[in-house]
Structures are given as structure tokens and as C-alpha cells.
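Engineer: The structure follows.
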Amino acid sequence: MSRTTTPRGDARPTRAHRTPPPTGHTSRRRLLAAALTLPLLIGAAACGDDDSSGSGGKTELSVFWWGAEARAALTEQALDLYTRKHPEVTFKKTWQANQGYFDKLATLTAGGNAPDLFQLDDNYIAEYATRNVTLDLTPYKNDGRLDVSKFPESLWQYGVVDGKLAGVASGENTQGLVFDKTLLDRFELPAPTTGMSWEAFIAWAENVSKTTKVPGTQDPSADYKAFWVWLRQQGKDLYKGKELGFTEQDAAAWFELWKGARDRGATPTADVIHEGNVTDVSKQLVVTGKAATSWVWANQMPELKKNTKSELGVVAYPGNPSAQWARASMYFSVFRGSPHKDVAVDVINFLANDPEAGKILGTDRGLPSNLDVRRQVADSVDDPAMKQSIAVEGELAKTFGPPPAVPLPGHSKVKTELTKSAEEVQYGRQTPAAAAAAFHAAAKAAIGQG
Amino acid sequence: MHTPARTEPPAPRGPAAGRRGSGRARRRENLPGYLFLGPWLLGLMAITAIPMLLSLYLSFTDYDVLTPLSEARWVGWDNYERMFTADPSYWHAVRVTVTFALVAVPLKLAAALGVALLLNRAFRGVGLFRGLFYLPSLLGGSVALAIVWVSMFNRDGAFNSLLALFGVQGAPWVNDPTWALETLMLLAIWQFGAPMVIFLAGLKQVPAELYEAAAVDGAGTWRQFAHITLPMLSPVIFFNLVLETIHGFQGFTSAFVLSNGTGGPVDSTLMYTLNLYINGFVRLEMGYASAMAWVFLLAIGLITAVLFRTGRFWVHYSDSEGQ
């Protein structure tokens, strides 16, 4: 799906295997390692040469992101605007659907030809930052070449990993509970409200199931973001420092809470819950009509709206909304090995702060990080779903607590383990306590603790 | 094929000169051969041999894809040890894969042989039927097919609507951990077209005189099948068995699509290769994944070797017997 593919020199290994083997008195194992590593290193070096050959003041910057075509069009426009203002800088733009994006990014990085500028999210930013793939942007922030002064404090801090600024939020979002307003209106049922207790919400969902015959809510016990908000409301967290921020008992209580909800008929059956777990946002249960409520990110509202005729509403997750935070929907990061670091940082700065670029990009990656730009975009937006998500996010932003630290490396595994254990309970194969024990142990191992 | 210069050295004129001359000539002669071979050889080196050796090396390191290769730390047999002693999901995936292969492969071959026997007769439109039965396997490991399968076999899918006509309440098949793997097996079995075509070709080779002679001796259909068709067909059965077994162990696409790359619901479709992919690309443990890949290679090699061993007892090659 990518427009331009980053060159993967086919001739490279050819050149490599003609290179004389390294000489010297090293152990046989080191020699083997060197011989095997050589092709890739040479490949990387060759690629570096290609990149810096932008002589005559010309610079070509490679940019890589995931998303649908709409995002691609907007991003390309914004980058073209940069080229118009800085004719010496051109872009090699590569994008693809979410599926497979991180596989490809990892492969490119392994080959030493990571793009100069690429998109990350909080599932992977710590993985990339702790392995020194991303450039530490702190010096740029300190000397003003990267301006985050108009960002909400917590938002830019959400890109800090181990004291280094690993990425710049390219938008803000937060957890959102999306409900089918049309359905509720038809049966004259009340809408859920921000700040209602979990107990009240489950009772509400049970009532919706009984009245409308559509299950009141997707069961979010396999959903890390719902679990996370719930934990923060108990004064815990998903991670604390380099360790898990919750106990086995916490996880058991969470599974127990939703077992109760399922038993009361507030949620769909296990197979439908599973369907909602594995499919992408366009097939969320609230959209397919298999539940009256889905647990998503607030900025996904327009995408959801596109897939249903129903009118949708969005509120905060149940419980105290101050447990939610301004989350960087995704980041732009610079490759540490990039020959054009300064230019790349300047492009990020431009995308985040330039009013014209902001107008082009809109809320596609979440609310604009720069509050001035955000205000301006909010005034000019006329898509009702987008308007709504901006309004809700703005409303919630007043209650936001401090953000948690960015998820630890190993987070993607923690997520899959949560899904697995939650589903064990949903399908009735394990008790909440047993599943919680398994999940806690697996999560601990995944982040390399204990 | 070979020129005399190659097979028998020319009579020596002057000992040294003669040898050097023939060597040069030989090289000149071989040059076009190597030139023609070149692209293929380079391809083999670049996209098969070097990456394979590299992955063998990586399987002894903690390589995580994102750090430069040169920083991969040598960990000895740790990855292999972890796989066999400390990773329950590894053994789970092995169990899922073996179950899949043990059930799907024999059924697929049986279906292929059965349909091949039916289509080996002459009747109107036989070509059309052969084409239709072959069609599913043309689509091969296609993603689109797996997606169709998912929508056919969920709770409100076409399959359950069909069952409902008979008053049967179906399970949520693909979304049910007890049935998800069976649904994938069904998909694999349904794609029996390729072995079927090979069986058909094999059936055409069986001499008609054998059947005529057997019929004269009073052998019925079943005896003809058991004593002529099966033995005559045994090399083809063997070929299909080996091929499909390897294929069965490598099942990936349908499990990947069905579970969105997770092996769910609850790890019920966690095939070996899918687990390998998750370890390498989702968990960024490429060293460990490489070790898994090498064990996989050895296991498939071993299974194939065993099949060849047993083949001695039941595969009959007519030409070796006849002459």
C-alpha cells in the first residue's frame, strides 16, 4: 500500500560477500559473528551514504507512518507545505495500514535503514527508546528548536522515556465510552454519564440489555485501557517504575467485576466479546449493533460514526474521570542514526506548531497538541462527530489527572496476556482468581521483573 | 553432454603446458555455465543461504531486531533451553500444530483421493467439475478466503443459518475456543484441489488391463481398489502425504487472519509459525524466534525422514518391481 518504498538495495549482499573476511586474532565465535554481521553492517553503511549524498544543500527526508488514505492525504499536504516553505527539503513519504506497520519498521531498523522520521504509539515507544533507536529530543526542546510550550504539560511529558524525550505527541486523545444514542432514544433510556460508578454503569447496561434486547455494553475485561483507568481509580497503576503497579488480587477483582456483569446479562456472550476484542475499530460492537456501548479512544468517534447509521454519544469511562489522562494518540520520533536530525526535528516542530499545517492535519491524529492550534481547529471543524469528540475531550481535559509513565517495554505482551486471561474467564475455562494469577505472572515476566 | 576435453584429458604434449592449457580451456568452457547459473546462485546466497546462516547465529543471541546486529549478546543455548523448559506457550503451540496436522492432513488426502476417483470417470461436464473442485486450492493460503471463512463460521454466519434450516443451533465456531481450530482444519481440508489433481494424474497411469484382468478373475470394485488402485497409486499417495504434511505444519495465514495475529480465542489457534511470528515481531525477541525456527526446520526434516522410512514398507514403484 505504500507509495514509495524505502530502498532495500538488492545488490548489497552481493557486494558484501565479495568483501574479504576480517583478519585478526579473534576467537572463532567472534569471527563467525563478524562474518555474519558484516553484510548487514555494510548494507547499513551503504544506505547511510545514499542518504547523505543529498549534496548541493538538498535534503531528502524519509517519513513513515501508519493510517488510512485520508491520513495519508492530509500528511502529504502538510509535508508539501513544508517543502514550499523550505524548498531545499523534500520528502520520501511511506505509509501503510496499521496491520504490519511495526513489523516493517522493526525490519527497516534492523537493516540500519530506519526512516528519518517515523510514527510511534505508546505500545512501542518505550521499546524503541530503551534500545536507542529514537533520538533524545531534550536538547532541541531546551534550546527552543522544538517548541512544546503550547502543549499541555502532561502531553509532551508522555513522550519521556527514562528521562529522554523519545517522541513528540502528534495529537491528544483519551479514553471514551461510546454509546448508541439512537437505540437508547428509541426505548427512552437515559444515556450513561461521566462520573457514574462502575456499579451504576453495569446496572444501567443490564437494564439496557433487558429493555432493548441488545447487550448493554461490550465487556472490557480484556481491554488494557479500561483496566488501567479502573486501576488508577483504586490508587494503583498498570506500571510503577520498572514494575507492575497492581497485584494479583487487583486483577482478580477486575475479572470478578465483569464476571458479575456477564452473569447479570449486561454484556454479550463470550464469543461476541471476543469478536469485539480482535476486530479493528470499524467493527466495534457499538457499530455492528451487537452492544450498546464500546470502550474506545475518544478521537476514534469520527471513524466509528462512518460505520453506523446510529447517532453516537461519548462520555468518560465509569468512575472518577480524573483517572483518565491526556494521552499522546501517537508520536513522531526521529531515528538516532539519521543524517538529517536537525531537519527532522524542524519538521516535527512545524507539524505541531504551524497554524497552517495544523489546519490541514485537523484532528486526524487526535486533538492538535498545540493548544492555540487546537482552538483554531475546533472553531473551523464542521464534521459533527469530530466536533463532538473535541467537545468531550475538552470537557474531560479539565478533570485530567497527571499522566502515568509511558508503558514499559514488553507492554505489547502484557496486553495480549491480559486478553488471553480475561477470555479464559469469559469462556468459563478459568476462575477469575486463577486467570488473574496467570496474568500477573505472565505480565511480570513480560516486563522482565522478578 | 560432456566434450571430450572434459572426460578424457588430451594426450600430453609438454607436461606442464598441456595441463595449463586444458585448465584454461575448461574454465573458458564452464564460464557460460556459471554465467547462466549466476543470477540464481546470487539469489540463493542473498535471500536464502546468508539469511539462514544469520538466523542460525542469531538463535544463540538475545537479538531484539531494534539494536544493531553487532550488539547482539551471545547467550549460548539459552534460547533453546528456554523453549523446552520454561515456555509453556511453546509447548502449547506444538500441541496445536501437531493436532492440526494429524487431523487435517489425512482427511484432506482422503477427500482428495475420494473426489479424484469420482472424477476419473468419463461423464458430461467432468472438466467443469474438476475445475470447480480445484478452485479452492487455487486461492491457496489467501487472506481473502480466511476472511470469508470467518464470516461464514461465526455465530450469525451462513453455516449456522444452514444448520438452522434443520433446526440445529450452531456454535459460534471461529469465536469459540473449542471449535476455532476445527474450523481452520475444515478450511485446510476444503482446499484439497492440489493433491486431487495429482491423484487424478496418478489414476490415469494405472493400466486398464489390470482392471480387465481382475474383472475376469471375478474381483469386485472394492477388491480392485484395494489390490490394484491403492498399490499402483502408492508413490503418488506418498508424494502427496509428504508434501501435505510439511504444508500442514506450516499453517499460518488462516490462523493469523482468524485471530488477528494473536492465536486466539484463548490461544486455541496458536500455530507454531504464528507463535514464532509473535515472538519475533510483536515481542521483538528475534533471537528466540530464530531458535524456534531452527527447531522447526529440524522437526520437519525428522518427520519427513520418518515418512520416507515407513514408505519402504508400503510404497510400490512399478518399474523397480517389473524390471
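Simple scheme: letters A, B, ... for chains in C-alpha cells order, numbers from 1 for residues in each chain, numbers from 1 for ligands in the order shown.
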Could you please select, counting only C-alpha atoms, the residues of chain B within 6 Å of chain A and state them as a short mmCIF file (atom, residue, chain, number, x, y, z; two decimals) with N, CA and C atoms, in the first residue's frame?

Structural biologist:
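The new file iface.cif reads:
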data_model
loop_
_atom_site.label_atom_id
_atom_site.label_comp_id
_atom_site.auth_asym_id
_atom_site.auth_seq_id
_atom_site.Cartn_x
_atom_site.Cartn_y
_atom_site.Cartn_z
N ALA B 46 21.92 -14.58 -1.43
CA ALA B 46 21.41 -13.35 -0.82
C ALA B 46 20.12 -13.58 -0.05
N LEU B 54 22.62 -16.51 9.13
CA LEU B 54 22.48 -15.41 10.08
C LEU B 54 21.49 -15.79 11.18
N VAL B 65 16.06 -7.27 17.23
CA VAL B 65 15.71 -6.59 15.99
C VAL B 65 16.09 -5.11 15.99
N LEU B 66 15.79 -4.40 17.09
CA LEU B 66 15.96 -2.96 17.03
C LEU B 66 17.41 -2.51 17.25
N THR B 67 18.16 -3.24 18.05
CA THR B 67 19.55 -2.85 18.25
C THR B 67 20.38 -3.37 17.08
N ASN B 175 -15.29 -18.20 16.88
CA ASN B 175 -15.10 -17.41 18.09
C ASN B 175 -15.23 -18.26 19.35
N ASP B 176 -15.15 -19.56 19.17
CA ASP B 176 -15.28 -20.46 20.29
C ASP B 176 -13.99 -21.27 20.41
N ASN B 260 -6.55 -12.36 14.15
CA ASN B 260 -5.94 -11.04 14.07
C ASN B 260 -4.50 -11.07 14.60
N VAL B 266 -8.31 -17.48 23.18
CA VAL B 266 -7.56 -18.16 24.23
C VAL B 266 -6.52 -19.13 23.68
N PHE B 281 8.26 -10.64 16.01
CA PHE B 281 7.88 -9.30 15.59
C PHE B 281 7.03 -8.53 16.58
#

Engineer: Residues near Val89 of chain A, anyone? I mean within 12 Å using only C-alpha atoms, not counting same-chain ones fewer than 5 positions away, as an MDAnalysis selection string.

Structural biologist: chainID A and resid 54:62 79:84 340 342:344 346:347

Engineer: Taking N, CA and C atoms for each residue, export the selection above as a PDB file, in the first residue's frame.

Structural biologist:
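File produced: result.pdb:
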ATOM      1  N   GLY A  54      22.716  13.828  -0.434  1.00  0.00           N
ATOM      2  CA  GLY A  54      21.901  14.969  -0.835  1.00  0.00           C
ATOM      3  C   GLY A  54      22.759  16.227  -0.857  1.00  0.00           C
ATOM      4  N   SER A  55      23.626  16.330  -1.839  1.00  0.00           N
ATOM      5  CA  SER A  55      24.572  17.440  -1.877  1.00  0.00           C
ATOM      6  C   SER A  55      23.892  18.672  -2.446  1.00  0.00           C
ATOM      7  N   GLY A  56      24.608  19.750  -2.451  1.00  0.00           N
ATOM      8  CA  GLY A  56      24.068  20.978  -3.009  1.00  0.00           C
ATOM      9  C   GLY A  56      22.966  21.556  -2.144  1.00  0.00           C
ATOM     10  N   GLY A  57      23.012  21.299  -0.807  1.00  0.00           N
ATOM     11  CA  GLY A  57      22.027  21.875   0.106  1.00  0.00           C
ATOM     12  C   GLY A  57      20.683  21.183   0.054  1.00  0.00           C
ATOM     13  N   LYS A  58      20.551  20.187  -0.831  1.00  0.00           N
ATOM     14  CA  LYS A  58      19.261  19.479  -0.922  1.00  0.00           C
ATOM     15  C   LYS A  58      19.198  18.371   0.124  1.00  0.00           C
ATOM     16  N   THR A  59      18.070  18.220   0.744  1.00  0.00           N
ATOM     17  CA  THR A  59      17.908  17.169   1.734  1.00  0.00           C
ATOM     18  C   THR A  59      16.650  16.390   1.424  1.00  0.00           C
ATOM     19  N   GLU A  60      16.785  15.067   1.386  1.00  0.00           N
ATOM     20  CA  GLU A  60      15.565  14.278   1.252  1.00  0.00           C
ATOM     21  C   GLU A  60      15.348  13.505   2.546  1.00  0.00           C
ATOM     22  N   LEU A  61      14.201  13.750   3.141  1.00  0.00           N
ATOM     23  CA  LEU A  61      13.900  13.175   4.445  1.00  0.00           C
ATOM     24  C   LEU A  61      12.870  12.065   4.258  1.00  0.00           C
ATOM     25  N   SER A  62      13.158  10.870   4.791  1.00  0.00           N
ATOM     26  CA  SER A  62      12.165   9.807   4.672  1.00  0.00           C
ATOM     27  C   SER A  62      11.224   9.839   5.880  1.00  0.00           C
ATOM     28  N   LEU A  79       3.226  18.046   4.532  1.00  0.00           N
ATOM     29  CA  LEU A  79       4.648  17.963   4.225  1.00  0.00           C
ATOM     30  C   LEU A  79       4.984  18.775   2.977  1.00  0.00           C
ATOM     31  N   ASP A  80       4.068  18.786   2.011  1.00  0.00           N
ATOM     32  CA  ASP A  80       4.286  19.601   0.813  1.00  0.00           C
ATOM     33  C   ASP A  80       4.364  21.077   1.175  1.00  0.00           C
ATOM     34  N   LEU A  81       3.545  21.448   2.153  1.00  0.00           N
ATOM     35  CA  LEU A  81       3.574  22.836   2.614  1.00  0.00           C
ATOM     36  C   LEU A  81       4.956  23.167   3.180  1.00  0.00           C
ATOM     37  N   TYR A  82       5.533  22.216   3.888  1.00  0.00           N
ATOM     38  CA  TYR A  82       6.875  22.430   4.442  1.00  0.00           C
ATOM     39  C   TYR A  82       7.873  22.628   3.313  1.00  0.00           C
ATOM     40  N   THR A  83       7.757  21.799   2.271  1.00  0.00           N
ATOM     41  CA  THR A  83       8.678  21.924   1.134  1.00  0.00           C
ATOM     42  C   THR A  83       8.521  23.278   0.455  1.00  0.00           C
ATOM     43  N   ARG A  84       7.279  23.757   0.394  1.00  0.00           N
ATOM     44  CA  ARG A  84       7.077  25.070  -0.227  1.00  0.00           C
ATOM     45  C   ARG A  84       7.818  26.146   0.574  1.00  0.00           C
ATOM     46  N   HIS A 340      20.041  13.549   8.995  1.00  0.00           N
ATOM     47  CA  HIS A 340      19.394  14.877   8.930  1.00  0.00           C
ATOM     48  C   HIS A 340      18.594  15.147  10.189  1.00  0.00           C
ATOM     49  N   ASP A 342      18.601  17.488  12.494  1.00  0.00           N
ATOM     50  CA  ASP A 342      18.091  18.834  12.746  1.00  0.00           C
ATOM     51  C   ASP A 342      16.874  19.139  11.882  1.00  0.00           C
ATOM     52  N   VAL A 343      16.967  18.744  10.616  1.00  0.00           N
ATOM     53  CA  VAL A 343      15.842  18.983   9.713  1.00  0.00           C
ATOM     54  C   VAL A 343      14.618  18.201  10.189  1.00  0.00           C
ATOM     55  N   ALA A 344      14.854  16.952  10.576  1.00  0.00           N
ATOM     56  CA  ALA A 344      13.737  16.116  11.013  1.00  0.00           C
ATOM     57  C   ALA A 344      13.036  16.749  12.215  1.00  0.00           C
ATOM     58  N   ASP A 346      12.988  19.856  12.951  1.00  0.00           N
ATOM     59  CA  ASP A 346      12.297  21.057  12.496  1.00  0.00           C
ATOM     60  C   ASP A 346      10.966  20.708  11.840  1.00  0.00           C
ATOM     61  N   VAL A 347      10.915  19.584  11.145  1.00  0.00           N
ATOM     62  CA  VAL A 347       9.658  19.157  10.514  1.00  0.00           C
ATOM     63  C   VAL A 347       8.620  18.828  11.599  1.00  0.00           C
TER      64      VAL A 347
END

Engineer: Using only C-alpha atoms, which protein or nucleic acid residues come within 9 Å of Gln250 of chain B? Drop anything in the same chain fewer than 4 positions from it, and give the result as number ranges by chain.

Structural biologist: B: 97, 245-246, 271-273

Engineer: For the selection just defined, write its residues with N, CA, C and O atoms to a file, as a short mmCIF file (atom, residue, chain, number, x, y, z; two decimals), in the first residue's frame.

Structural biologist:
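Final output, out.cif:
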data_model
loop_
_atom_site.label_atom_id
_atom_site.label_comp_id
_atom_site.auth_asym_id
_atom_site.auth_seq_id
_atom_site.Cartn_x
_atom_site.Cartn_y
_atom_site.Cartn_z
N THR B 97 -0.31 -27.39 16.74
CA THR B 97 0.14 -27.66 15.38
C THR B 97 0.08 -29.15 15.06
O THR B 97 -0.36 -29.54 13.97
N THR B 245 1.96 -32.98 4.57
CA THR B 245 2.38 -32.96 5.97
C THR B 245 3.22 -31.71 6.24
O THR B 245 2.98 -30.96 7.20
N ILE B 246 4.18 -31.48 5.36
CA ILE B 246 5.01 -30.28 5.51
C ILE B 246 4.13 -29.03 5.48
O ILE B 246 4.22 -28.15 6.32
N MET B 271 -0.79 -21.55 16.20
CA MET B 271 0.04 -22.49 15.44
C MET B 271 1.52 -22.16 15.67
O MET B 271 1.87 -21.04 16.03
N TYR B 272 2.37 -23.14 15.39
CA TYR B 272 3.81 -22.96 15.64
C TYR B 272 4.36 -21.71 14.96
O TYR B 272 5.02 -20.88 15.58
N THR B 273 4.06 -21.59 13.67
CA THR B 273 4.63 -20.46 12.93
C THR B 273 4.06 -19.13 13.39
O THR B 273 4.73 -18.11 13.36
#

Engineer: Determine which residues of segment 327-434 of chain A receive a DSSP assignment of alpha helix (DSSP H), computed from the backbone, and state them as an NGL selection string.

Structural biologist: :A and (341-353 or 355-361 or 371-380 or 384-397 or 411-426 or 432-434)

Engineer: Of the candidates B:Met196, B:Ile189, B:Ala305, B:Ala101, which one gets nearest to His247 of chain B if we count only C-alpha atoms?

Structural biologist: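 For His247 of chain B, the nearest of the given residues is B:Ala101.
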
Engineer: Could you please write out, as a PDB file with all heavy atoms, in the first residue's frame, every residue of segment 70-101 of chain A that DSSP assigns to strand (DSSP E or B)?

Structural biologist:
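Writing done, so here's states-v9.pdb:
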ATOM      1  N   VAL A  89      14.243  21.150   1.143  1.00  0.00           N
ATOM      2  CA  VAL A  89      13.892  19.888   1.801  1.00  0.00           C
ATOM      3  C   VAL A  89      12.751  19.196   1.064  1.00  0.00           C
ATOM      4  O   VAL A  89      11.690  19.789   0.852  1.00  0.00           O
ATOM      5  CB  VAL A  89      13.472  20.123   3.262  1.00  0.00           C
ATOM      6  CG1 VAL A  89      13.093  18.793   3.928  1.00  0.00           C
ATOM      7  CG2 VAL A  89      14.581  20.807   4.040  1.00  0.00           C
ATOM      8  N   THR A  90      12.986  17.964   0.652  1.00  0.00           N
ATOM      9  CA  THR A  90      11.909  17.176   0.045  1.00  0.00           C
ATOM     10  C   THR A  90      11.707  15.918   0.893  1.00  0.00           C
ATOM     11  O   THR A  90      12.534  15.590   1.730  1.00  0.00           O
ATOM     12  CB  THR A  90      12.244  16.763  -1.392  1.00  0.00           C
ATOM     13  OG1 THR A  90      13.500  16.100  -1.375  1.00  0.00           O
ATOM     14  CG2 THR A  90      12.297  17.966  -2.303  1.00  0.00           C
ATOM     15  N   PHE A  91      10.599  15.223   0.617  1.00  0.00           N
ATOM     16  CA  PHE A  91      10.256  14.081   1.456  1.00  0.00           C
ATOM     17  C   PHE A  91      10.075  12.819   0.647  1.00  0.00           C
ATOM     18  O   PHE A  91       9.565  12.859  -0.475  1.00  0.00           O
ATOM     19  CB  PHE A  91       8.958  14.355   2.224  1.00  0.00           C
ATOM     20  CG  PHE A  91       9.095  15.481   3.200  1.00  0.00           C
ATOM     21  CD1 PHE A  91       8.697  16.759   2.854  1.00  0.00           C
ATOM     22  CD2 PHE A  91       9.652  15.264   4.446  1.00  0.00           C
ATOM     23  CE1 PHE A  91       8.829  17.801   3.747  1.00  0.00           C
ATOM     24  CE2 PHE A  91       9.791  16.306   5.344  1.00  0.00           C
ATOM     25  CZ  PHE A  91       9.376  17.579   5.001  1.00  0.00           C
ATOM     26  N   LYS A  92      10.492  11.726   1.250  1.00  0.00           N
ATOM     27  CA  LYS A  92      10.168  10.419   0.703  1.00  0.00           C
ATOM     28  C   LYS A  92       9.109   9.854   1.643  1.00  0.00           C
ATOM     29  O   LYS A  92       9.403   9.428   2.757  1.00  0.00           O
ATOM     30  CB  LYS A  92      11.412   9.545   0.682  1.00  0.00           C
ATOM     31  CG  LYS A  92      11.229   8.293  -0.106  1.00  0.00           C
ATOM     32  CD  LYS A  92      12.574   7.710  -0.510  1.00  0.00           C
ATOM     33  CE  LYS A  92      13.402   7.403   0.713  1.00  0.00           C
ATOM     34  NZ  LYS A  92      14.760   7.029   0.454  1.00  0.00           N
ATOM     35  N   LYS A  93       7.840   9.903   1.203  1.00  0.00           N
ATOM     36  CA  LYS A  93       6.736   9.575   2.115  1.00  0.00           C
ATOM     37  C   LYS A  93       6.336   8.114   1.953  1.00  0.00           C
ATOM     38  O   LYS A  93       6.052   7.663   0.845  1.00  0.00           O
ATOM     39  CB  LYS A  93       5.527  10.466   1.820  1.00  0.00           C
ATOM     40  CG  LYS A  93       5.854  11.949   1.832  1.00  0.00           C
ATOM     41  CD  LYS A  93       4.807  12.729   1.051  1.00  0.00           C
ATOM     42  CE  LYS A  93       5.278  14.137   0.743  1.00  0.00           C
ATOM     43  NZ  LYS A  93       4.905  14.557  -0.618  1.00  0.00           N
ATOM     44  N   THR A  94       6.295   7.383   3.030  1.00  0.00           N
ATOM     45  CA  THR A  94       5.860   5.996   3.003  1.00  0.00           C
ATOM     46  C   THR A  94       4.831   5.788   4.089  1.00  0.00           C
ATOM     47  O   THR A  94       5.040   6.227   5.224  1.00  0.00           O
ATOM     48  CB  THR A  94       7.035   5.042   3.260  1.00  0.00           C
ATOM     49  OG1 THR A  94       8.157   5.492   2.529  1.00  0.00           O
ATOM     50  CG2 THR A  94       6.701   3.640   2.837  1.00  0.00           C
ATOM     51  N   TRP A  95       3.732   5.152   3.718  1.00  0.00           N
ATOM     52  CA  TRP A  95       2.709   4.886   4.737  1.00  0.00           C
ATOM     53  C   TRP A  95       2.040   3.566   4.429  1.00  0.00           C
ATOM     54  O   TRP A  95       2.124   3.062   3.320  1.00  0.00           O
ATOM     55  CB  TRP A  95       1.679   6.002   4.774  1.00  0.00           C
ATOM     56  CG  TRP A  95       0.975   6.238   3.467  1.00  0.00           C
ATOM     57  CD1 TRP A  95       1.424   7.011   2.434  1.00  0.00           C
ATOM     58  CD2 TRP A  95      -0.271   5.684   3.042  1.00  0.00           C
ATOM     59  NE1 TRP A  95       0.525   6.977   1.402  1.00  0.00           N
ATOM     60  CE2 TRP A  95      -0.526   6.173   1.741  1.00  0.00           C
ATOM     61  CE3 TRP A  95      -1.208   4.829   3.645  1.00  0.00           C
ATOM     62  CZ2 TRP A  95      -1.667   5.833   1.028  1.00  0.00           C
ATOM     63  CZ3 TRP A  95      -2.356   4.496   2.923  1.00  0.00           C
ATOM     64  CH2 TRP A  95      -2.576   4.996   1.631  1.00  0.00           C
ATOM     65  N   GLN A  96       1.419   3.013   5.427  1.00  0.00           N
ATOM     66  CA  GLN A  96       0.672   1.773   5.218  1.00  0.00           C
ATOM     67  C   GLN A  96      -0.353   1.593   6.321  1.00  0.00           C
ATOM     68  O   GLN A  96      -0.344   2.333   7.301  1.00  0.00           O
ATOM     69  CB  GLN A  96       1.618   0.590   5.158  1.00  0.00           C
ATOM     70  CG  GLN A  96       2.288   0.276   6.474  1.00  0.00           C
ATOM     71  CD  GLN A  96       3.013  -1.056   6.399  1.00  0.00           C
ATOM     72  OE1 GLN A  96       3.894  -1.236   5.572  1.00  0.00           O
ATOM     73  NE2 GLN A  96       2.620  -1.977   7.240  1.00  0.00           N
TER      74      GLN A  96
END
